[in-house]
>>> print(open('model-v9.csv').read())   # CSV, C-alpha atoms (C1' of nucleotides)
chain,number,residue,atom,x,y,z
A,7,MET,CA,146.9,59.2,-1.2
A,8,SER,CA,150.1,60.0,0.7
A,9,GLU,CA,150.4,62.2,3.7
A,10,MET,CA,152.2,64.8,1.5
A,11,ASP,CA,149.5,64.7,-1.1
A,12,MET,CA,146.9,65.3,1.5
A,13,LEU,CA,148.7,68.2,3.1
A,14,PHE,CA,149.4,69.8,-0.2
A,15,LYS,CA,145.8,69.4,-1.3
A,16,ARG,CA,144.4,70.7,1.9
A,17,HIS,CA,146.5,73.8,1.6
A,18,ASN,CA,146.2,74.3,-2.1
A,19,LEU,CA,149.9,73.9,-2.7
A,20,ARG,CA,150.9,72.6,-6.1
A,21,LYS,CA,153.1,69.5,-6.0
A,22,THR,CA,156.4,70.6,-7.5
A,23,LYS,CA,159.8,69.0,-7.6
A,24,LEU,CA,161.3,71.3,-5.0
A,25,ARG,CA,158.4,71.2,-2.6
A,26,LYS,CA,158.3,67.4,-2.7
A,27,ALA,CA,162.1,67.3,-2.1
A,28,VAL,CA,161.8,69.7,0.9
A,29,PHE,CA,159.0,67.8,2.5
A,30,ASP,CA,160.8,64.5,2.1
A,31,ILE,CA,164.0,66.0,3.5
A,32,LEU,CA,162.3,67.4,6.6
A,33,LYS,CA,160.3,64.2,7.1
A,34,GLU,CA,163.4,62.1,6.9
A,35,ALA,CA,165.5,64.4,9.1
A,36,ASN,CA,162.9,64.6,11.9
A,37,MET,CA,164.6,67.7,13.2
A,38,GLY,CA,165.0,71.3,12.5
A,39,LEU,CA,167.0,72.2,9.4
A,40,SER,CA,168.2,75.5,8.0
A,41,HIS,CA,167.9,76.8,4.5
A,42,GLN,CA,171.5,76.0,4.0
A,43,GLU,CA,171.2,72.4,5.3
A,44,ILE,CA,168.2,71.7,3.2
A,45,SER,CA,170.0,73.2,0.2
A,46,LYS,CA,172.7,70.7,0.5
A,47,GLN,CA,170.3,67.8,0.6
A,48,VAL,CA,168.4,68.8,-2.6
A,49,HIS,CA,170.1,66.9,-5.4
A,50,PHE,CA,169.1,69.0,-8.4
A,51,ASP,CA,169.4,72.5,-9.5
A,52,PHE,CA,167.1,75.1,-7.9
A,53,ASP,CA,167.1,78.7,-7.0
A,54,ARG,CA,167.7,79.7,-3.4
A,55,VAL,CA,164.9,82.2,-3.5
A,56,SER,CA,162.5,79.4,-4.4
A,57,LEU,CA,163.6,77.5,-1.4
A,58,PHE,CA,163.1,80.6,0.8
A,59,ARG,CA,159.6,80.9,-0.7
A,60,THR,CA,158.8,77.2,-0.3
A,61,LEU,CA,159.8,77.4,3.4
A,62,SER,CA,157.7,80.5,4.1
A,63,GLN,CA,154.8,79.0,2.3
A,64,PHE,CA,155.0,75.8,4.3
A,65,GLU,CA,155.3,77.8,7.4
A,66,LYS,CA,152.3,80.0,6.6
A,67,VAL,CA,150.0,77.0,6.2
A,68,GLY,CA,151.5,75.3,9.2
A,69,ILE,CA,153.1,72.3,7.6
A,70,ILE,CA,156.4,73.4,9.2
A,71,HIS,CA,157.3,75.8,12.0
A,72,LYS,CA,160.3,78.0,12.4
A,73,ILE,CA,162.9,77.7,15.2
A,74,LEU,CA,165.7,80.2,15.5
A,75,ASP,CA,169.1,78.6,16.2
A,76,LEU,CA,171.6,80.1,18.7
A,77,GLN,CA,172.9,82.4,15.9
A,78,GLY,CA,169.4,83.6,15.0
A,79,VAL,CA,169.2,81.7,11.8
A,80,ALA,CA,165.8,80.2,10.8
A,81,ASN,CA,165.5,76.5,11.0
A,82,TYR,CA,162.4,74.6,10.1
A,83,ALA,CA,160.8,71.4,11.3
A,84,LEU,CA,157.7,69.5,10.3
A,85,THR,CA,154.8,70.2,12.5
A,86,PHE,CA,153.3,67.0,13.8
A,87,PRO,CA,150.1,66.4,11.8
A,88,ILE,CA,148.1,65.5,14.9
A,89,SER,CA,146.2,68.7,15.1
A,90,ASP,CA,146.2,71.9,13.1
A,91,ASN,CA,147.8,74.3,15.5
A,92,ASN,CA,150.0,72.1,17.6
A,93,LYS,CA,153.2,73.8,16.7
A,94,CYS,CA,155.9,72.6,18.9
A,95,LEU,CA,157.0,75.3,21.4
A,96,THR,CA,159.8,73.5,23.1
A,97,HIS,CA,163.1,72.7,21.4
A,98,PHE,CA,166.4,71.3,22.3
A,99,ILE,CA,169.5,72.8,20.7
A,100,CYS,CA,172.8,70.9,20.8
A,101,GLU,CA,175.7,73.2,21.5
A,102,LYS,CA,178.1,70.9,19.8
A,103,CYS,CA,176.4,69.9,16.5
A,104,SER,CA,173.7,72.6,16.5
A,105,GLY,CA,171.1,70.0,16.0
A,106,ILE,CA,167.5,71.1,16.8
A,107,LEU,CA,165.0,68.7,18.2
A,108,CYS,CA,161.3,69.2,18.8
A,109,VAL,CA,160.4,68.1,22.3
A,110,ASP,CA,157.0,67.7,23.7
A,111,GLU,CA,156.7,69.0,27.1
A,112,GLU,CA,154.1,69.3,29.8
A,113,PHE,CA,155.6,71.1,32.8
A,114,ILE,CA,155.0,74.5,31.7
A,115,LYS,CA,151.6,76.1,32.2
A,116,ILE,CA,151.1,79.4,30.5
A,117,GLN,CA,148.6,80.3,33.2
A,118,ASP,CA,151.4,80.4,35.8
A,119,PHE,CA,153.0,83.2,33.8
A,120,GLN,CA,149.8,84.9,33.1
A,121,LEU,CA,148.9,85.0,36.8
A,122,LYS,CA,152.3,86.3,37.8
A,123,TYR,CA,152.7,89.0,35.2
A,124,LYS,CA,149.2,90.4,35.0
A,125,GLU,CA,150.3,93.6,33.2
A,126,LEU,CA,151.6,91.6,30.3
A,127,ALA,CA,149.1,89.9,27.9
A,128,ILE,CA,151.1,86.7,27.5
A,129,LYS,CA,150.0,84.5,24.6
A,130,ASP,CA,152.8,82.1,24.1
A,131,VAL,CA,155.6,80.5,26.1
A,132,GLU,CA,158.5,79.2,24.2
A,133,ILE,CA,161.2,77.1,25.7
A,134,THR,CA,164.6,76.4,24.5
A,135,LEU,CA,166.7,73.8,26.2
A,136,LYS,CA,170.4,73.9,25.5
A,137,GLY,CA,173.0,71.3,26.1
A,138,ILE,CA,174.6,68.3,24.4
A,139,CYS,CA,172.6,65.8,22.5
A,140,LYS,CA,172.8,62.0,22.8
A,141,LYS,CA,175.0,61.5,19.7
A,142,CYS,CA,177.5,64.2,20.7
A,143,LYS,CA,177.6,62.9,24.2
A,144,ASN,CA,178.5,59.4,23.1
A,145,LYS,CA,181.2,60.7,20.8
A,146,GLU,CA,183.2,62.3,23.6
B,21,MET,CA,183.4,105.6,41.8
B,22,SER,CA,180.4,105.0,39.7
B,23,GLU,CA,178.9,101.6,38.9
B,24,MET,CA,180.1,102.0,35.3
B,25,ASP,CA,183.6,102.9,36.5
B,26,MET,CA,183.7,99.8,38.7
B,27,LEU,CA,182.5,97.5,36.0
B,28,PHE,CA,184.9,98.8,33.4
B,29,LYS,CA,187.8,98.6,35.8
B,30,ARG,CA,186.9,95.1,37.0
B,31,HIS,CA,186.9,93.9,33.4
B,32,ASN,CA,189.8,96.0,32.2
B,33,LEU,CA,187.8,98.0,29.7
B,34,ARG,CA,189.0,101.4,28.8
B,35,LYS,CA,186.5,104.2,29.4
B,36,THR,CA,185.8,105.5,25.9
B,37,LYS,CA,183.2,107.9,24.6
B,38,LEU,CA,181.3,105.1,22.8
B,39,ARG,CA,181.4,102.6,25.6
B,40,LYS,CA,180.1,105.2,28.1
B,41,ALA,CA,177.3,106.2,25.8
B,42,VAL,CA,176.3,102.5,25.2
B,43,PHE,CA,176.3,101.8,28.9
B,44,ASP,CA,174.2,104.8,29.7
B,45,ILE,CA,171.7,104.1,27.0
B,46,LEU,CA,171.2,100.5,28.1
B,47,LYS,CA,171.0,101.6,31.7
B,48,GLU,CA,168.4,104.2,31.0
B,49,ALA,CA,166.4,101.9,28.6
B,50,ASN,CA,166.2,99.1,31.1
B,51,MET,CA,165.3,96.7,28.3
B,52,GLY,CA,166.8,94.9,25.4
B,53,LEU,CA,168.0,97.1,22.5
B,54,SER,CA,169.4,96.2,19.1
B,55,HIS,CA,172.4,97.5,17.4
B,56,GLN,CA,170.2,99.7,15.3
B,57,GLU,CA,168.2,101.1,18.3
B,58,ILE,CA,171.4,101.9,20.2
B,59,SER,CA,172.8,103.5,17.1
B,60,LYS,CA,169.9,105.9,17.0
B,61,GLN,CA,170.5,107.0,20.6
B,62,VAL,CA,174.1,107.7,20.3
B,63,HIS,CA,174.4,111.4,19.5
B,64,PHE,CA,177.8,111.7,18.0
B,65,ASP,CA,179.6,110.1,15.1
B,66,PHE,CA,180.9,106.6,15.4
B,67,ASP,CA,181.5,103.6,13.3
B,68,ARG,CA,179.0,100.8,13.3
B,69,VAL,CA,181.7,98.3,13.6
B,70,SER,CA,182.9,99.8,16.8
B,71,LEU,CA,179.4,99.5,18.2
B,72,PHE,CA,179.3,95.8,17.2
B,73,ARG,CA,182.7,95.4,18.9
B,74,THR,CA,181.6,97.2,22.0
B,75,LEU,CA,178.6,95.0,22.3
B,76,SER,CA,180.5,91.8,21.9
B,77,GLN,CA,183.0,93.0,24.4
B,78,PHE,CA,180.4,93.9,27.0
B,79,GLU,CA,178.7,90.6,26.4
B,80,LYS,CA,182.0,88.7,26.7
B,81,VAL,CA,182.7,90.1,30.1
B,82,GLY,CA,179.1,89.7,31.2
B,83,ILE,CA,178.0,93.3,31.6
B,84,ILE,CA,175.2,92.7,29.1
B,85,HIS,CA,173.6,89.6,27.7
B,86,LYS,CA,172.2,88.8,24.2
B,87,ILE,CA,168.6,88.1,23.5
B,88,LEU,CA,167.5,87.3,20.0
B,89,ASP,CA,164.3,89.0,18.9
B,90,LEU,CA,161.5,87.3,16.9
B,91,GLN,CA,163.4,88.0,13.7
B,92,GLY,CA,166.7,86.6,15.1
B,93,VAL,CA,168.3,90.0,15.5
B,94,ALA,CA,170.6,90.4,18.5
B,95,ASN,CA,169.3,92.6,21.3
B,96,TYR,CA,171.3,93.4,24.4
B,97,ALA,CA,170.3,94.2,27.9
B,98,LEU,CA,172.3,95.0,31.0
B,99,THR,CA,172.9,92.1,33.3
B,100,PHE,CA,171.8,92.8,36.8
B,101,PRO,CA,175.0,93.4,38.8
B,102,ILE,CA,173.8,91.3,41.7
B,103,SER,CA,175.9,88.3,41.0
B,104,ASP,CA,178.4,87.5,38.3
B,105,ASN,CA,176.6,84.8,36.3
B,106,ASN,CA,173.0,85.7,36.8
B,107,LYS,CA,172.3,86.4,33.2
B,108,CYS,CA,168.6,86.6,32.7
B,109,LEU,CA,167.1,83.5,31.1
B,110,THR,CA,163.5,84.6,30.8
B,111,HIS,CA,162.4,87.3,28.5
B,112,PHE,CA,159.2,88.9,27.4
B,113,ILE,CA,158.9,90.0,23.8
B,114,CYS,CA,156.0,92.3,22.8
B,115,GLU,CA,154.5,91.4,19.5
B,116,LYS,CA,153.4,94.9,18.8
B,117,CYS,CA,156.3,97.2,19.7
B,118,SER,CA,159.0,94.4,19.7
B,119,GLY,CA,160.1,95.6,23.1
B,120,ILE,CA,162.2,93.0,25.1
B,121,LEU,CA,162.0,92.8,28.9
B,122,CYS,CA,164.0,90.8,31.2
B,123,VAL,CA,161.8,88.9,33.6
B,124,ASP,CA,162.9,87.1,36.7
B,125,GLU,CA,161.1,83.9,37.1
B,126,GLU,CA,161.1,81.0,39.4
B,127,PHE,CA,158.7,78.3,38.2
B,128,ILE,CA,161.0,76.6,35.9
B,129,LYS,CA,163.3,74.0,37.4
B,130,ILE,CA,166.0,72.8,35.0
B,131,GLN,CA,166.0,69.5,37.0
B,132,ASP,CA,162.5,68.7,35.8
B,133,PHE,CA,163.8,68.7,32.2
B,134,GLN,CA,167.0,66.9,33.1
B,135,LEU,CA,165.0,64.1,34.7
B,136,LYS,CA,162.6,63.8,31.8
B,137,TYR,CA,165.1,63.8,29.0
B,138,LYS,CA,167.9,61.7,30.4
B,139,GLU,CA,169.6,61.2,27.0
B,140,LEU,CA,170.1,64.9,26.7
B,141,ALA,CA,172.7,66.7,28.8
B,142,ILE,CA,170.6,69.8,29.4
B,143,LYS,CA,172.6,72.8,30.7
B,144,ASP,CA,170.3,75.7,30.2
B,145,VAL,CA,166.6,76.5,29.9
B,146,GLU,CA,165.6,79.6,28.2
B,147,ILE,CA,162.2,81.0,28.2
B,148,THR,CA,160.6,83.4,25.9
B,149,LEU,CA,157.2,84.8,26.7
B,150,LYS,CA,155.3,86.4,23.8
B,151,GLY,CA,152.4,88.7,24.0
B,152,ILE,CA,151.5,92.4,24.3
B,153,CYS,CA,153.2,94.7,26.8
B,154,LYS,CA,151.5,97.0,29.2
B,155,LYS,CA,152.1,100.1,27.1
B,156,CYS,CA,150.8,98.6,23.9
B,157,LYS,CA,147.8,97.1,25.7
B,158,ASN,CA,146.8,100.5,27.0
B,159,LYS,CA,147.1,102.1,23.6
B,160,GLU,CA,144.5,100.0,22.1
C,4,DA,C1',203.9,116.5,32.1
C,5,DT,C1',205.8,113.3,28.5
C,6,DT,C1',206.3,109.1,26.5
C,7,DC,C1',204.9,104.4,25.4
C,8,DT,C1',202.0,100.9,24.1
C,9,DA,C1',198.2,98.0,24.2
C,10,DA,C1',193.5,98.5,23.5
C,11,DG,C1',190.0,100.8,20.9
C,12,DT,C1',188.4,103.0,16.7
C,13,DG,C1',187.5,104.0,11.7
C,14,DC,C1',187.3,102.5,7.1
C,15,DA,C1',186.9,99.3,3.4
C,16,DA,C1',185.6,95.2,2.0
C,17,DC,C1',183.3,91.0,2.6
C,18,DT,C1',179.8,87.2,4.0
C,19,DT,C1',175.5,85.3,5.0
C,20,DG,C1',170.5,85.3,5.5
C,21,DG,C1',166.7,87.0,3.7
C,22,DT,C1',163.5,89.9,0.4
C,23,DT,C1',161.3,92.0,-3.9
C,24,DG,C1',160.0,92.6,-8.7
C,25,DC,C1',159.4,90.8,-12.9
C,26,DA,C1',159.4,87.7,-16.7
C,27,DT,C1',159.2,82.8,-17.8
C,28,DG,C1',157.6,78.1,-17.1
C,29,DA,C1',154.7,74.4,-15.3
C,30,DA,C1',150.6,72.2,-12.4
C,31,DT,C1',145.9,71.5,-12.4
C,32,DA,C1',140.8,72.6,-13.2
C,33,DT,C1',137.9,73.0,-17.0
D,12,DA,C1',144.0,70.8,-25.0
D,13,DT,C1',143.9,75.0,-23.2
D,14,DA,C1',143.7,78.7,-19.9
D,15,DT,C1',144.9,80.6,-15.8
D,16,DT,C1',146.9,80.7,-11.7
D,17,DC,C1',150.6,79.6,-9.1
D,18,DA,C1',155.7,78.5,-8.8
D,19,DT,C1',160.2,79.2,-10.3
D,20,DG,C1',164.6,81.6,-11.9
D,21,DC,C1',167.1,85.6,-12.2
D,22,DA,C1',168.9,90.0,-10.9
D,23,DA,C1',169.2,93.2,-7.7
D,24,DC,C1',168.8,94.6,-3.3
D,25,DC,C1',169.0,95.1,2.1
D,26,DA,C1',170.3,94.4,6.9
D,27,DA,C1',173.1,92.2,10.3
D,28,DG,C1',177.4,90.9,11.3
D,29,DT,C1',182.6,89.9,10.6
D,30,DT,C1',187.6,90.6,9.3
D,31,DG,C1',192.0,92.9,8.4
D,32,DC,C1',194.6,96.8,8.8
D,33,DA,C1',196.2,101.4,9.6
D,34,DC,C1',195.5,105.1,12.8
D,35,DT,C1',194.4,107.1,17.4
D,36,DT,C1',193.9,107.4,22.2
D,37,DA,C1',193.4,105.9,27.3
D,38,DG,C1',195.9,105.3,30.9
D,39,DA,C1',200.1,103.1,33.0
D,40,DA,C1',205.0,104.0,33.6
D,41,DT,C1',208.6,107.2,33.7
>>> encode(input="model-v9.csv", output="structure tokens")
Amino acid sequence: MSEMDMLFKRHNLRKTKLRKAVFDILKEANMGLSHQEISKQVHFDFDRVSLFRTLSQFEKVGIIHKILDLQGVANYALTFPISDNNKCLTHFICEKCSGILCVDEEFIKIQDFQLKYKELAIKDVEITLKGICKKCKNKE
Amino acid sequence: MSEMDMLFKRHNLRKTKLRKAVFDILKEANMGLSHQEISKQVHFDFDRVSLFRTLSQFEKVGIIHKILDLQGVANYALTFPISDNNKCLTHFICEKCSGILCVDEEFIKIQDFQLKYKELAIKDVEITLKGICKKCKNKE
DNA sequence: ATTCTAAGTGCAACTTGGTTGCATGAATAT
DNA sequence: ATATTCATGCAACCAAGTTGCACTTAGAAT
């Protein structure tokens, strides 16, 4: 039983053509992709609404997580299947190619913020690193 | 000469009805506001495109800075006039009321990230704190 | 104070990302 | 093999944001 089969089963998702394609594309890409980018990589006819719904569905059950790019457009990346709620909270966004990478990071302690801003009930700290990625740097 | 007058003068912005209103609203609010929220607070007729343009203009010269809310919609907050390029890179977003606060913060050292991810040319670190703000917490 | 002109506004039309409702079609448990 | 529930396709819609162009106005020059 493949990883995909297990994930789909676990979350009661039917295995459809589109969902398989989306999962494979995100797996292969290993980075955040927008609706538009995924669309281009699906090589059969489908309705854009279905893709929106597939993405929300995947997000809802935690297979993928949403990252907003610098324009505020939703991108999605696979959540590492290590634990159930380890959605990646640190991302790198390349200012040249707009590529979005999940980064695992350990400097930031949410407690630091909670202690400093006691009036705020802080639940999450999200970090976005901006700059130029390896590929784009080498192209210059 | 008021702060507004000085800022407008410095950036060669003509003092128009709409621009004055927008500046005052953002000053008074002391938090991030969206196009829609600002619109509601302007008490005379104006074109929404003009407001979009006012906001981009202000942002371009650095009077305000853009913060995307959790839905990816642009919000704008006054940049503290202390220095020219001290745009606030840490924000708190309330999950209840969607209020956006600028937070000044000192834990995060960009160098930590630069050292860890040497292949990435990291230029900026943006932090978003999520949780419940003081007001909303007290309401419960 | 009047004139001039670049900068700002208003309007119309458009684009893109995302959502909703409903009828049709397909995956899977029985 | 069938039933039922879930997923898809289609049409229509919404909100945020952009562009082009004609008109208006702030403020500099006279």
>>> residues_around(input="model-v9.csv", residues="A:Cys103", least_positions_apart="4", cutoff="10 Å", atoms="only C-alpha atoms (C1' of nucleotides)", output="list in words")
Ile99, Ile138, Cys139, Lys141 and Cys142 of chain A
>>> closest_atom_pairs(input="model-v9.csv", of="chain B", to="chain C", cutoff="12 Å", atoms="all atoms listed in the file", output="CSV")
residue,atom,partner,partner_atom,distance
B:Asn32,CA,C:DA10,C1',9.8
B:Leu33,CA,C:DA10,C1',8.4
B:Arg34,CA,C:DA10,C1',7.5
B:Lys35,CA,C:DG11,C1',9.8
B:Thr36,CA,C:DG11,C1',8.0
B:Lys37,CA,C:DG11,C1',10.5
B:Leu38,CA,C:DT12,C1',9.6
B:Arg39,CA,C:DG11,C1',10.0
B:Asp65,CA,C:DG13,C1',10.5
B:Phe66,CA,C:DG13,C1',8.0
B:Asp67,CA,C:DG13,C1',6.2
B:Arg68,CA,C:DG13,C1',9.2
B:Val69,CA,C:DG13,C1',8.4
B:Ser70,CA,C:DT12,C1',6.4
B:Leu71,CA,C:DT12,C1',9.8
B:Phe72,CA,C:DT12,C1',11.6
B:Arg73,CA,C:DG11,C1',9.3
B:Thr74,CA,C:DG11,C1',9.2
B:Gln77,CA,C:DG11,C1',11.0
B:Gln91,CA,C:DG21,C1',10.6
B:Gly92,CA,C:DG20,C1',10.4
B:Val93,CA,C:DG20,C1',11.3
>>> write_last_selection(input="model-v9.csv", atoms="C-alpha atoms", output="PDB file, in the coordinates of the input")
ATOM      1  CA  ASN B  32     189.800  96.000  32.200  1.00  0.00           C
ATOM      2  CA  LEU B  33     187.800  98.000  29.700  1.00  0.00           C
ATOM      3  CA  ARG B  34     189.000 101.400  28.800  1.00  0.00           C
ATOM      4  CA  LYS B  35     186.500 104.200  29.400  1.00  0.00           C
ATOM      5  CA  THR B  36     185.800 105.500  25.900  1.00  0.00           C
ATOM      6  CA  LYS B  37     183.200 107.900  24.600  1.00  0.00           C
ATOM      7  CA  LEU B  38     181.300 105.100  22.800  1.00  0.00           C
ATOM      8  CA  ARG B  39     181.400 102.600  25.600  1.00  0.00           C
ATOM      9  CA  ASP B  65     179.600 110.100  15.100  1.00  0.00           C
ATOM     10  CA  PHE B  66     180.900 106.600  15.400  1.00  0.00           C
ATOM     11  CA  ASP B  67     181.500 103.600  13.300  1.00  0.00           C
ATOM     12  CA  ARG B  68     179.000 100.800  13.300  1.00  0.00           C
ATOM     13  CA  VAL B  69     181.700  98.300  13.600  1.00  0.00           C
ATOM     14  CA  SER B  70     182.900  99.800  16.800  1.00  0.00           C
ATOM     15  CA  LEU B  71     179.400  99.500  18.200  1.00  0.00           C
ATOM     16  CA  PHE B  72     179.300  95.800  17.200  1.00  0.00           C
ATOM     17  CA  ARG B  73     182.700  95.400  18.900  1.00  0.00           C
ATOM     18  CA  THR B  74     181.600  97.200  22.000  1.00  0.00           C
ATOM     19  CA  GLN B  77     183.000  93.000  24.400  1.00  0.00           C
ATOM     20  CA  GLN B  91     163.400  88.000  13.700  1.00  0.00           C
ATOM     21  CA  GLY B  92     166.700  86.600  15.100  1.00  0.00           C
ATOM     22  CA  VAL B  93     168.300  90.000  15.500  1.00  0.00           C
TER      23      VAL B  93
END
>>> interface_residues(input="model-v9.csv", of="chain A", to="chain B", cutoff="12 Å", atoms="all atoms listed in the file", output="short mmCIF file (atom, residue, chain, number, x, y, z; two decimals) with C-alpha atoms, keeping the file's coordinate frame")
data_model
loop_
_atom_site.label_atom_id
_atom_site.label_comp_id
_atom_site.auth_asym_id
_atom_site.auth_seq_id
_atom_site.Cartn_x
_atom_site.Cartn_y
_atom_site.Cartn_z
CA LYS A 72 160.30 78.00 12.40
CA ILE A 73 162.90 77.70 15.20
CA LEU A 74 165.70 80.20 15.50
CA ASP A 75 169.10 78.60 16.20
CA LEU A 76 171.60 80.10 18.70
CA GLN A 77 172.90 82.40 15.90
CA GLY A 78 169.40 83.60 15.00
CA VAL A 79 169.20 81.70 11.80
CA ALA A 80 165.80 80.20 10.80
CA ASN A 81 165.50 76.50 11.00
CA LEU A 95 157.00 75.30 21.40
CA THR A 96 159.80 73.50 23.10
CA HIS A 97 163.10 72.70 21.40
CA PHE A 98 166.40 71.30 22.30
CA ILE A 99 169.50 72.80 20.70
CA CYS A 100 172.80 70.90 20.80
CA GLU A 101 175.70 73.20 21.50
CA LYS A 102 178.10 70.90 19.80
CA GLY A 105 171.10 70.00 16.00
CA ILE A 106 167.50 71.10 16.80
CA LEU A 107 165.00 68.70 18.20
CA VAL A 109 160.40 68.10 22.30
CA ASP A 110 157.00 67.70 23.70
CA GLU A 111 156.70 69.00 27.10
CA GLU A 112 154.10 69.30 29.80
CA PHE A 113 155.60 71.10 32.80
CA ILE A 114 155.00 74.50 31.70
CA LYS A 115 151.60 76.10 32.20
CA ILE A 116 151.10 79.40 30.50
CA GLN A 117 148.60 80.30 33.20
CA ASP A 118 151.40 80.40 35.80
CA PHE A 119 153.00 83.20 33.80
CA GLN A 120 149.80 84.90 33.10
CA LEU A 121 148.90 85.00 36.80
CA LYS A 122 152.30 86.30 37.80
CA TYR A 123 152.70 89.00 35.20
CA LYS A 124 149.20 90.40 35.00
CA GLU A 125 150.30 93.60 33.20
CA LEU A 126 151.60 91.60 30.30
CA ALA A 127 149.10 89.90 27.90
CA ILE A 128 151.10 86.70 27.50
CA LYS A 129 150.00 84.50 24.60
CA ASP A 130 152.80 82.10 24.10
CA VAL A 131 155.60 80.50 26.10
CA GLU A 132 158.50 79.20 24.20
CA ILE A 133 161.20 77.10 25.70
CA THR A 134 164.60 76.40 24.50
CA LEU A 135 166.70 73.80 26.20
CA LYS A 136 170.40 73.90 25.50
CA GLY A 137 173.00 71.30 26.10
CA ILE A 138 174.60 68.30 24.40
CA CYS A 139 172.60 65.80 22.50
CA LYS A 140 172.80 62.00 22.80
CA LYS A 141 175.00 61.50 19.70
CA CYS A 142 177.50 64.20 20.70
CA LYS A 143 177.60 62.90 24.20
CA ASN A 144 178.50 59.40 23.10
#
>>> atom_distance(input="model-v9.csv", atom1="atom C1' of D:DA27", atom2="atom CA of B:Glu79")
17.1 Å
>>> closest_residue(input="model-v9.csv", among="B:Lys29, B:Ile45, B:Tyr96, B:Gln56", to="D:DA26", atoms="all atoms listed in the file")
B:Gln56
>>> interface_residues(input="model-v9.csv", of="chain D", to="chain B", cutoff="10 Å", atoms="only C-alpha atoms (C1' of nucleotides)", output="list in words")
DA26, DA27, DG28, DT29, DT36, DA37 and DG38 of chain D
>>> atom_distance(input="model-v9.csv", atom1="atom CA of B:Ser59", atom2="atom CA of B:Ile83")
18.5 Å
>>> atom_distance(input="model-v9.csv", atom1="atom CA of B:Thr99", atom2="atom CA of B:Ser54")
15.2 Å
>>> build_atoms(input="model-v9.csv", residues="stretch 20-33 of chain A", atoms="N, CA and C atoms", output="short mmCIF file (atom, residue, chain, number, x, y, z; two decimals), keeping the file's coordinate frame")
data_model
loop_
_atom_site.label_atom_id
_atom_site.label_comp_id
_atom_site.auth_asym_id
_atom_site.auth_seq_id
_atom_site.Cartn_x
_atom_site.Cartn_y
_atom_site.Cartn_z
N ARG A 20 150.62 73.45 -4.97
CA ARG A 20 150.90 72.60 -6.10
C ARG A 20 152.12 71.70 -5.77
N LYS A 21 152.03 70.50 -6.30
CA LYS A 21 153.10 69.50 -6.00
C LYS A 21 154.21 69.71 -7.01
N THR A 22 155.24 70.39 -6.57
CA THR A 22 156.40 70.60 -7.50
C THR A 22 157.58 69.84 -6.99
N LYS A 23 158.55 69.75 -7.87
CA LYS A 23 159.80 69.00 -7.60
C LYS A 23 160.41 69.47 -6.28
N LEU A 24 160.59 70.80 -6.17
CA LEU A 24 161.30 71.30 -5.00
C LEU A 24 160.46 71.09 -3.73
N ARG A 25 159.18 71.34 -3.79
CA ARG A 25 158.40 71.20 -2.60
C ARG A 25 158.36 69.73 -2.13
N LYS A 26 158.28 68.79 -3.08
CA LYS A 26 158.30 67.40 -2.70
C LYS A 26 159.64 67.09 -2.00
N ALA A 27 160.73 67.55 -2.62
CA ALA A 27 162.10 67.30 -2.10
C ALA A 27 162.17 67.85 -0.64
N VAL A 28 161.73 69.09 -0.45
CA VAL A 28 161.80 69.70 0.90
C VAL A 28 161.02 68.95 1.90
N PHE A 29 159.84 68.57 1.51
CA PHE A 29 159.00 67.80 2.50
C PHE A 29 159.68 66.52 2.85
N ASP A 30 160.17 65.78 1.85
CA ASP A 30 160.80 64.50 2.10
C ASP A 30 162.05 64.68 3.02
N ILE A 31 162.82 65.71 2.74
CA ILE A 31 164.00 66.00 3.50
C ILE A 31 163.69 66.23 4.98
N LEU A 32 162.68 67.06 5.19
CA LEU A 32 162.30 67.40 6.60
C LEU A 32 161.70 66.19 7.28
N LYS A 33 160.94 65.41 6.54
CA LYS A 33 160.30 64.20 7.10
C LYS A 33 161.43 63.24 7.56
#
